[in-house]
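Have a look at my_file22.cif below; it lists mmCIF, C-alpha atoms.
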data_data
#
loop_
_atom_site.label_atom_id
_atom_site.label_comp_id
_atom_site.auth_asym_id
_atom_site.auth_seq_id
_atom_site.Cartn_x
_atom_site.Cartn_y
_atom_site.Cartn_z
CA MET L 1 102.50 121.50 103.58
CA GLU L 2 102.75 118.46 101.39
CA VAL L 3 101.11 119.07 98.05
CA ASN L 4 101.13 117.02 94.89
CA TYR L 5 99.59 116.58 91.55
CA PRO L 6 97.73 113.28 91.69
CA ASN L 7 100.09 110.86 89.95
CA GLY L 8 102.17 113.81 88.80
CA LYS L 9 99.63 114.37 86.05
CA ARG L 10 98.10 117.69 85.13
CA PHE L 11 94.54 118.08 86.26
CA GLU L 12 92.02 117.86 83.45
CA ARG L 13 88.60 119.23 84.04
CA LYS L 14 85.89 116.67 83.57
CA LEU L 15 82.50 118.17 83.00
CA SER L 16 80.72 115.24 81.48
CA PRO L 17 81.66 111.85 80.11
CA LYS L 18 80.91 113.11 76.62
CA LYS L 19 83.34 115.98 76.86
CA THR L 20 86.20 113.99 78.25
CA THR L 21 86.02 111.40 75.51
CA VAL L 22 87.15 114.04 73.05
CA LYS L 23 90.57 114.43 74.59
CA HIS L 24 91.36 110.74 74.37
CA LYS L 25 92.42 109.78 70.88
CA LYS L 26 92.93 106.11 70.32
CA ASP L 27 92.21 103.39 67.85
CA GLU L 28 88.45 103.14 68.14
CA SER L 29 88.14 99.84 66.32
CA TYR L 30 88.01 98.16 69.73
CA GLY L 31 84.66 99.80 70.24
CA ASN L 32 85.73 101.65 73.36
CA ARG L 33 85.01 105.19 72.05
CA GLY L 34 88.22 106.31 73.71
CA MET L 35 87.02 106.09 77.31
CA THR L 36 89.47 106.33 80.15
CA LEU L 37 89.89 103.53 82.66
CA GLU L 38 88.21 105.70 85.29
CA GLU L 39 85.16 106.17 83.06
CA TYR L 40 84.98 102.45 82.34
CA LEU L 41 85.08 101.73 86.06
CA ASN L 42 82.51 104.37 86.92
CA GLU L 43 80.11 102.75 84.46
CA THR L 44 80.96 99.29 85.76
CA ASN L 45 80.38 100.29 89.38
CA GLU L 46 77.11 101.96 88.46
CA PHE L 47 76.07 98.74 86.72
CA TYR L 48 76.91 96.68 89.82
CA ARG L 49 75.14 99.14 92.10
CA GLU L 50 71.94 99.31 90.07
CA ARG L 51 71.73 95.53 89.85
CA LYS L 52 72.47 95.16 93.57
CA ILE L 53 75.58 93.09 92.82
CA ALA L 54 78.13 95.25 94.63
CA VAL L 55 78.47 98.77 95.99
CA ILE L 56 81.88 100.13 95.03
CA HIS L 57 82.71 103.83 94.88
CA LYS L 58 85.73 105.84 93.83
CA LYS L 59 86.95 108.03 96.64
CA PRO L 60 87.06 111.77 96.00
CA THR L 61 90.49 113.28 95.33
CA PRO L 62 91.82 114.62 98.61
CA ILE L 63 92.22 118.39 98.59
CA GLN L 64 93.91 120.71 101.07
CA ILE L 65 91.66 123.74 101.28
CA VAL L 66 93.32 127.03 102.18
CA GLN L 67 90.83 129.78 101.38
CA VAL L 68 87.06 129.80 100.98
CA ASP L 69 84.82 132.74 100.10
CA TYR L 70 81.20 132.93 101.21
CA PRO L 71 79.37 135.21 98.80
CA LYS L 72 75.92 136.31 99.95
CA ARG L 73 73.08 134.18 98.65
CA SER L 74 75.29 131.83 96.67
CA ALA L 75 77.42 128.76 97.28
CA ALA L 76 80.78 128.86 99.04
CA VAL L 77 83.67 129.20 96.59
CA ILE L 78 87.02 127.57 97.26
CA LYS L 79 89.57 130.17 96.12
CA GLU L 80 92.80 128.41 97.05
CA ALA L 81 93.40 124.70 97.46
CA TYR L 82 96.01 122.07 96.64
CA PHE L 83 95.99 118.42 95.65
CA LYS L 84 97.06 116.09 98.42
CA GLN L 85 98.43 112.61 98.01
CA ALA L 86 95.86 109.97 98.88
CA SER L 87 96.70 107.69 101.79
CA THR L 88 94.60 104.82 100.46
CA THR L 89 93.65 103.28 97.15
CA ASP L 90 90.98 104.90 95.00
CA TYR L 91 88.23 102.28 95.06
CA ASN L 92 86.56 100.37 97.84
CA GLY L 93 83.24 98.87 98.73
CA VAL L 94 81.26 95.75 99.48
CA TYR L 95 80.54 92.51 97.66
CA LYS L 96 78.79 89.63 99.47
CA GLY L 97 79.51 91.34 102.77
CA LYS L 98 83.23 91.29 102.05
CA TYR L 99 85.45 94.34 101.93
CA ILE L 100 86.84 95.03 98.44
CA ASP L 101 89.74 97.41 97.87
CA PHE L 102 91.58 98.20 94.67
CA GLU L 103 93.58 100.67 92.67
CA ALA L 104 93.25 101.18 88.92
CA LYS L 105 96.07 102.45 86.73
CA GLU L 106 96.77 102.98 83.04
CA THR L 107 100.00 102.90 81.08
CA LYS L 108 100.83 103.86 77.51
CA SER L 109 103.75 101.46 77.54
CA PRO L 110 102.97 98.36 75.44
CA THR L 111 105.56 96.07 77.04
CA SER L 112 105.54 96.64 80.79
CA PHE L 113 103.71 98.35 83.64
CA PRO L 114 105.80 101.00 85.45
CA LEU L 115 105.60 100.66 89.23
CA LYS L 116 105.92 104.42 89.67
CA ASN L 117 102.16 104.41 89.05
CA PHE L 118 101.85 103.30 92.67
CA HIS L 119 102.94 105.04 95.86
CA GLN L 120 104.48 103.50 98.95
CA HIS L 121 101.49 104.43 101.14
CA GLN L 122 99.10 102.71 98.71
CA ILE L 123 101.22 99.57 98.94
CA SER L 124 101.21 99.86 102.75
CA HIS L 125 97.44 100.34 102.70
CA LEU L 126 96.96 97.20 100.57
CA LYS L 127 99.14 95.21 102.99
CA GLU L 128 97.16 96.43 105.99
CA VAL L 129 93.83 95.57 104.37
CA MET L 130 95.02 92.12 103.22
CA ALA L 131 96.16 91.36 106.78
CA LEU L 132 92.57 92.02 107.92
CA GLY L 133 91.02 89.72 105.33
CA GLY L 134 90.02 92.37 102.81
CA ILE L 135 90.06 91.47 99.12
CA CYS L 136 92.77 93.52 97.40
CA PHE L 137 93.80 93.80 93.78
CA VAL L 138 94.79 96.21 91.06
CA ILE L 139 93.28 96.79 87.66
CA LEU L 140 95.95 97.55 85.07
CA MET L 141 95.16 98.94 81.64
CA PHE L 142 97.48 98.99 78.65
CA THR L 143 95.86 101.87 76.81
CA ASN L 144 97.55 101.24 73.46
CA GLU L 145 95.85 97.88 73.14
CA ASP L 146 92.87 98.58 75.40
CA GLU L 147 93.85 95.53 77.38
CA VAL L 148 92.80 95.33 81.01
CA TYR L 149 94.25 92.96 83.60
CA PHE L 150 93.22 91.98 87.10
CA LEU L 151 96.20 91.36 89.36
CA GLU L 152 95.82 90.26 92.96
CA ALA L 153 97.62 92.59 95.36
CA LYS L 154 99.77 89.72 96.67
CA HIS L 155 101.44 89.55 93.24
CA LEU L 156 101.86 93.31 93.03
CA LEU L 157 103.64 93.20 96.39
CA VAL L 158 106.17 90.67 95.04
CA PHE L 159 107.05 92.95 92.11
CA TRP L 160 107.12 95.99 94.40
CA ASP L 161 109.54 94.26 96.77
CA ARG L 162 111.72 93.27 93.82
CA MET L 163 111.97 96.97 92.91
CA VAL L 164 112.64 98.04 96.50
CA ASN L 165 115.45 95.46 96.61
CA GLY L 166 117.10 96.96 93.55
CA GLY L 167 115.29 95.04 90.81
CA ARG L 168 113.40 96.37 87.78
CA LYS L 169 111.04 99.30 88.22
CA SER L 170 108.20 97.75 86.27
CA ILE L 171 106.22 94.55 85.81
CA THR L 172 106.72 93.00 82.39
CA LYS L 173 103.65 92.34 80.28
CA GLU L 174 104.56 88.66 80.37
CA GLU L 175 104.60 88.64 84.17
CA ILE L 176 101.19 90.27 84.22
CA GLU L 177 99.86 87.68 81.78
CA GLN L 178 101.27 84.88 83.94
CA ASN L 179 100.13 86.18 87.33
CA GLY L 180 97.08 88.20 86.40
CA HIS L 181 93.85 87.66 84.54
CA ILE L 182 92.72 89.49 81.46
CA ILE L 183 89.34 91.19 81.79
CA PRO L 184 87.69 91.37 78.37
CA LEU L 185 86.15 94.79 77.71
CA GLY L 186 82.40 94.43 77.57
CA PHE L 187 79.37 96.59 77.23
CA GLN L 188 77.44 95.85 80.41
CA PRO L 189 79.44 95.87 82.56
CA ARG L 190 82.45 97.44 80.89
CA ILE L 191 85.11 95.79 83.06
CA ASP L 192 83.64 92.80 84.85
CA TYR L 193 86.13 92.46 87.69
CA ILE L 194 83.57 90.84 90.00
CA LYS L 195 83.47 87.90 87.60
CA ILE L 196 87.20 87.45 88.15
CA LEU L 197 86.67 87.48 91.93
CA GLU L 198 84.13 84.71 91.43
CA THR L 199 86.38 82.70 89.09
CA LEU L 200 89.23 82.93 91.57
CA ASN L 201 86.96 82.00 94.47
CA LEU L 202 88.08 85.09 96.35
CA CYS L 203 84.58 85.75 97.70
CA MET K 1 76.04 122.38 88.59
CA GLU K 2 74.92 121.16 91.98
CA VAL K 3 76.94 122.79 94.73
CA ASN K 4 76.47 122.71 98.46
CA TYR K 5 78.04 123.50 101.71
CA PRO K 6 78.69 120.18 103.38
CA ASN K 7 75.83 119.86 105.88
CA GLY K 8 75.00 123.48 105.25
CA LYS K 9 77.85 124.41 107.56
CA ARG K 10 80.52 126.96 106.86
CA PHE K 11 83.86 125.49 106.00
CA GLU K 12 86.41 125.82 108.79
CA ARG K 13 90.04 125.48 107.93
CA LYS K 14 91.73 122.71 109.84
CA LEU K 15 95.48 123.04 109.90
CA SER K 16 96.28 120.84 112.83
CA PRO K 17 94.32 119.08 115.56
CA LYS K 18 95.82 121.54 118.04
CA LYS K 19 94.50 124.57 116.22
CA THR K 20 91.01 123.23 115.70
CA THR K 21 90.55 122.43 119.36
CA VAL K 22 90.65 126.15 120.11
CA LYS K 23 87.44 126.88 118.30
CA HIS K 24 85.42 124.32 120.24
CA LYS K 25 84.44 125.61 123.63
CA LYS K 26 82.77 123.09 125.86
CA ASP K 27 82.75 121.89 129.40
CA GLU K 28 86.17 120.28 129.64
CA SER K 29 85.48 118.46 132.87
CA TYR K 30 84.79 115.36 130.78
CA GLY K 31 88.45 115.30 129.86
CA ASN K 32 87.80 115.61 126.15
CA ARG K 33 89.72 118.87 125.61
CA GLY K 34 86.91 120.04 123.35
CA MET K 35 87.61 117.70 120.44
CA THR K 36 85.12 117.34 117.65
CA LEU K 37 83.55 114.00 116.81
CA GLU K 38 85.63 113.88 113.63
CA GLU K 39 88.84 114.32 115.62
CA TYR K 40 87.80 111.62 118.08
CA LEU K 41 87.12 109.25 115.19
CA ASN K 42 90.36 110.08 113.40
CA GLU K 43 92.27 109.17 116.54
CA THR K 44 90.17 106.06 117.04
CA ASN K 45 90.73 104.88 113.46
CA GLU K 46 94.44 105.55 113.74
CA PHE K 47 94.47 103.47 116.94
CA TYR K 48 92.69 100.58 115.19
CA ARG K 49 94.98 100.83 112.16
CA GLU K 50 98.23 100.87 114.13
CA ARG K 51 97.16 97.87 116.19
CA LYS K 52 95.98 96.01 113.08
CA ILE K 53 92.44 95.79 114.47
CA ALA K 54 90.62 97.48 111.59
CA VAL K 55 91.36 99.77 108.65
CA ILE K 56 88.74 102.50 108.50
CA HIS K 57 89.23 105.83 106.75
CA LYS K 58 87.18 108.97 106.39
CA LYS K 59 86.52 109.76 102.76
CA PRO K 60 87.75 113.11 101.48
CA THR K 61 85.14 115.83 100.99
CA PRO K 62 84.05 115.74 97.35
CA ILE K 63 84.97 118.90 95.48
CA GLN K 64 83.96 120.11 92.02
CA ILE K 65 87.09 121.68 90.56
CA VAL K 66 86.57 124.42 88.01
CA GLN K 67 89.91 126.17 87.57
CA VAL K 68 93.49 125.11 88.25
CA ASP K 69 96.67 127.14 87.79
CA TYR K 70 100.01 125.51 87.06
CA PRO K 71 102.72 127.89 88.22
CA LYS K 72 106.23 127.05 87.01
CA ARG K 73 108.28 125.00 89.45
CA SER K 74 105.58 124.84 92.10
CA ALA K 75 102.49 122.82 92.88
CA ALA K 76 99.21 123.17 90.99
CA VAL K 77 96.85 125.63 92.67
CA ILE K 78 93.10 125.13 92.58
CA LYS K 79 91.69 128.63 92.06
CA GLU K 80 88.00 127.87 91.81
CA ALA K 81 86.13 124.92 93.23
CA TYR K 82 82.87 124.10 95.00
CA PHE K 83 81.74 121.69 97.65
CA LYS K 84 79.68 118.80 96.29
CA GLN K 85 77.25 116.69 98.24
CA ALA K 86 78.66 113.27 99.04
CA SER K 87 76.82 110.29 97.57
CA THR K 88 77.93 107.94 100.31
CA THR K 89 78.60 108.00 104.04
CA ASP K 90 81.85 109.44 105.36
CA TYR K 91 83.52 106.38 106.84
CA ASN K 92 84.18 102.91 105.52
CA GLY K 93 86.70 100.13 105.78
CA VAL K 94 87.41 96.60 106.86
CA TYR K 95 87.15 94.63 110.09
CA LYS K 96 87.65 90.85 110.09
CA GLY K 97 87.25 90.86 106.32
CA LYS K 98 83.80 92.42 106.64
CA TYR K 99 82.79 95.70 105.04
CA ILE K 100 82.05 98.42 107.60
CA ASP K 101 80.18 101.60 106.65
CA PHE K 102 79.04 104.42 108.87
CA GLU K 103 78.19 108.07 109.20
CA ALA K 104 79.02 110.20 112.24
CA LYS K 105 77.04 113.27 113.25
CA GLU K 106 76.89 115.72 116.11
CA THR K 107 74.03 117.72 117.55
CA LYS K 108 73.91 120.52 120.09
CA SER K 109 70.34 119.58 120.97
CA PRO K 110 70.20 117.87 124.37
CA THR K 111 66.87 116.12 123.89
CA SER K 112 66.73 114.72 120.36
CA PHE K 113 68.77 114.09 117.22
CA PRO K 114 67.55 116.04 114.16
CA LEU K 115 67.27 113.85 111.07
CA LYS K 116 68.21 116.76 108.81
CA ASN K 117 71.79 115.78 109.70
CA PHE K 118 71.36 113.00 107.14
CA HIS K 119 70.65 113.19 103.43
CA GLN K 120 68.39 110.98 101.36
CA HIS K 121 71.31 109.64 99.29
CA GLN K 122 73.15 108.63 102.45
CA ILE K 123 70.09 106.72 103.59
CA SER K 124 69.85 105.08 100.15
CA HIS K 125 73.54 104.20 100.31
CA LEU K 126 73.12 102.57 103.74
CA LYS K 127 70.18 100.53 102.43
CA GLU K 128 72.16 99.35 99.41
CA VAL K 129 75.13 98.33 101.55
CA MET K 130 72.94 96.54 104.11
CA ALA K 131 71.30 94.56 101.31
CA LEU K 132 74.77 93.31 100.33
CA GLY K 133 75.69 92.21 103.84
CA GLY K 134 77.76 95.21 104.82
CA ILE K 135 77.75 96.33 108.46
CA CYS K 136 76.09 99.73 108.69
CA PHE K 137 75.56 102.08 111.59
CA VAL K 138 75.70 105.69 112.67
CA ILE K 139 77.63 107.31 115.49
CA LEU K 140 75.61 110.10 117.10
CA MET K 141 77.14 112.62 119.46
CA PHE K 142 75.27 114.91 121.81
CA THR K 143 77.94 117.58 122.14
CA ASN K 144 76.47 119.29 125.21
CA GLU K 145 76.93 116.17 127.27
CA ASP K 146 79.75 114.62 125.25
CA GLU K 147 77.59 111.53 124.94
CA VAL K 148 78.18 109.24 122.00
CA TYR K 149 75.78 106.56 120.79
CA PHE K 150 76.08 103.71 118.33
CA LEU K 151 72.87 103.12 116.39
CA GLU K 152 72.51 100.33 113.85
CA ALA K 153 71.41 101.65 110.47
CA LYS K 154 68.30 99.43 110.53
CA HIS K 155 66.99 101.55 113.43
CA LEU K 156 67.90 104.81 111.73
CA LEU K 157 65.88 103.69 108.72
CA VAL K 158 62.78 103.19 110.87
CA PHE K 159 63.00 106.75 112.21
CA TRP K 160 63.77 108.08 108.74
CA ASP K 161 60.70 106.36 107.31
CA ARG K 162 58.59 107.75 110.14
CA MET K 163 59.70 111.26 109.10
CA VAL K 164 59.09 110.58 105.41
CA ASN K 165 55.59 109.42 106.33
CA GLY K 166 54.86 112.68 108.08
CA GLY K 167 56.15 111.87 111.56
CA ARG K 168 58.65 113.76 113.72
CA LYS K 169 61.80 115.10 112.12
CA SER K 170 64.11 113.85 114.84
CA ILE K 171 64.92 110.83 116.98
CA THR K 172 64.25 111.44 120.65
CA LYS K 173 67.09 110.89 123.09
CA GLU K 174 64.98 108.20 124.74
CA GLU K 175 64.57 106.34 121.44
CA ILE K 176 68.32 106.45 120.91
CA GLU K 177 68.91 105.12 124.43
CA GLN K 178 66.42 102.31 123.79
CA ASN K 179 67.63 101.29 120.33
CA GLY K 180 71.26 102.33 120.42
CA HIS K 181 74.27 101.71 122.61
CA ILE K 182 76.22 104.31 124.48
CA ILE K 183 79.93 104.36 123.68
CA PRO K 184 81.85 105.61 126.71
CA LEU K 185 84.52 108.15 125.74
CA GLY K 186 87.91 106.65 126.38
CA PHE K 187 91.54 107.51 125.89
CA GLN K 188 92.79 104.72 123.67
CA PRO K 189 90.74 104.36 121.62
CA ARG K 190 88.61 107.45 122.01
CA ILE K 191 85.36 105.98 120.71
CA ASP K 192 85.53 102.20 120.75
CA TYR K 193 82.82 101.38 118.23
CA ILE K 194 84.47 98.08 117.27
CA LYS K 195 83.76 96.86 120.80
CA ILE K 196 80.07 97.50 120.19
CA LEU K 197 80.24 95.50 116.95
CA GLU K 198 81.70 92.65 118.98
CA THR K 199 79.14 92.94 121.77
CA LEU K 200 76.32 92.90 119.26
CA ASN K 201 77.86 89.95 117.41
CA LEU K 202 77.70 91.89 114.16
CA CYS K 203 81.08 90.58 112.99
#
Let me see whether you can do it: turn the structure in this file into structure tokens.
Amino acid sequence: MEVNYPNGKRFERKLSPKKTTVKHKKDESYGNRGMTLEEYLNETNEFYRERKIAVIHKKPTPIQIVQVDYPKRSAAVIKEAYFKQASTTDYNGVYKGKYIDFEAKETKSPTSFPLKNFHQHQISHLKEVMALGGICFVILMFTNEDEVYFLEAKHLLVFWDRMVNGGRKSITKEEIEQNGHIIPLGFQPRIDYIKILETLNLC
Amino acid sequence: MEVNYPNGKRFERKLSPKKTTVKHKKDESYGNRGMTLEEYLNETNEFYRERKIAVIHKKPTPIQIVQVDYPKRSAAVIKEAYFKQASTTDYNGVYKGKYIDFEAKETKSPTSFPLKNFHQHQISHLKEVMALGGICFVILMFTNEDEVYFLEAKHLLVFWDRMVNGGRKSITKEEIEQNGHIIPLGFQPRIDYIKILETLNLC
């Protein structure tokens, strides 16, 4: 049975947005209150959904369930389960009738974005979706600077192929600046990636 | 914490398609080998994906994780978790660049389809997606007869509203025949719902 930690990271229990902000210590002068990229995107997607701009959801983490107990008069309890590796990207949904698909990743590195943040099957998934006319991109966050970039999947694929062919295992910050688009952190929405889609005439 | 059995059903461990077919005893004269609707759709989606027709995936079941163990030198084990109710439908993806979104449900009833198979938030989700130009429908299976129907979400909403306004809590088989489209069970693909999209000029 294939089991994995998602991204090789330890699982951290998230009870509420308030609680999780505690664990994230960063320079708060950027006004971000130490939110994670996932929290930013949850808020952003909720903003889009409420205003009927787009409906984008994060997919649940896939779990391999092995044992479940059914106590009388209370909810089923999963007693043994394992994390599975996702076969798709984390986010998808609809904007103007079009299919939107993206992955969002953070790095602590200030100078480059390590490609090990992505998996081969996610790359394959992006290729498949692009071939069918879906709109594919990644959202990359440099957590040290709280800088967020939008990078079309077609560019990611070039850097991925470079790695597969023996080249560097990361995308330099400069390459991201050249090929991607910075998304300024805002309040409502937090990370306005739909605006980038509009600017680029992708929809 | 809100916890639920998915659809109020007991969880059944699925190790392999072969194993799960055992539990499903039906008239096999239809040549279906007793597969569940989910298995039919998994095979169908795999068929579409391999032939680059469409990329549609089933979303993982959402789980609320409470406790995880990290044994040395082996994978993280989830020791306590609960089923959460999904806030969207189960299936979505891309066909001809368009966003496709659907829910698939079975009933043992031969004469009508109980609306309790759906949840209010799934109905709300379908409405939101339709408003943004997404293509929304449900796939309904009468398991006794192995009959599968395609019903556009706009029709489902009419029957849902009838129930909310005090009317019957199910859709009669006749209403499904009138408003929906039968999908003949096939071999490759098993349930060719994309063909219905084409016939109806929805894409």
Could you tell me which of L:Leu132, L:Cys203, L:Ala153, L:Leu185 comes closest to K:Tyr48 if we count only C-alpha atoms?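 Using only C-alpha atoms, the shortest distance to K:Tyr48 belongs to L:Leu132.
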Which residues fall under the PyMOL selection byres ((chain K) within 9 of (chain L)) in this file, as a count of residues only? 54
I would like the residues chosen by the PyMOL selection byres ((chain K and resi 145) around 9) on the shown file; could you give them as a list of chain:residue names?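 What the PyMOL selection byres ((chain K and resi 145) around 9) grabs from the file is K:Asp27, K:Tyr30, K:Lys108, K:Pro110, K:Met141, K:Phe142, K:Thr143, K:Asn144, K:Asp146, K:Glu147, K:Val148.
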Take atom CA of K:Phe137 and atom CA of K:Asn165 and report the distance between them in Å, one decimal. 21.9 Å
Work out where the centre of an axis-aligned box around every listed atom of stretch 107-117 of chain K lies and how long its edges are once 4 Å is added on each side; give both in Å to one decimal as AutoDock Vina command-line options.
--center_x 70.4 --center_y 117.2 --center_z 116.6 --size_x 15.3 --size_y 14.7 --size_z 23.6
Go through L:Phe150, L:His155, L:Leu115, L:Lys173 and flag the residue nearest L:Ile194, using only C-alpha atoms for the distances.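 Ranked by minimum distance to L:Ile194, first place goes to L:Phe150.
Separating atom CA of K:Gln122 from atom CA of L:Asn45 is a distance of 17.1 Å.
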State, in Å with one decimal place, the distance from atom CA of L:Arg168 to atom CA of L:Ile123. 16.8 Å
Exactly which residues make up the result of the PyMOL selection byres ((chain L and resi 160) around 12) on this file, given as a VMD selection string? chain L and resid 113 to 120 122 to 124 126 to 127 153 to 159 161 to 171
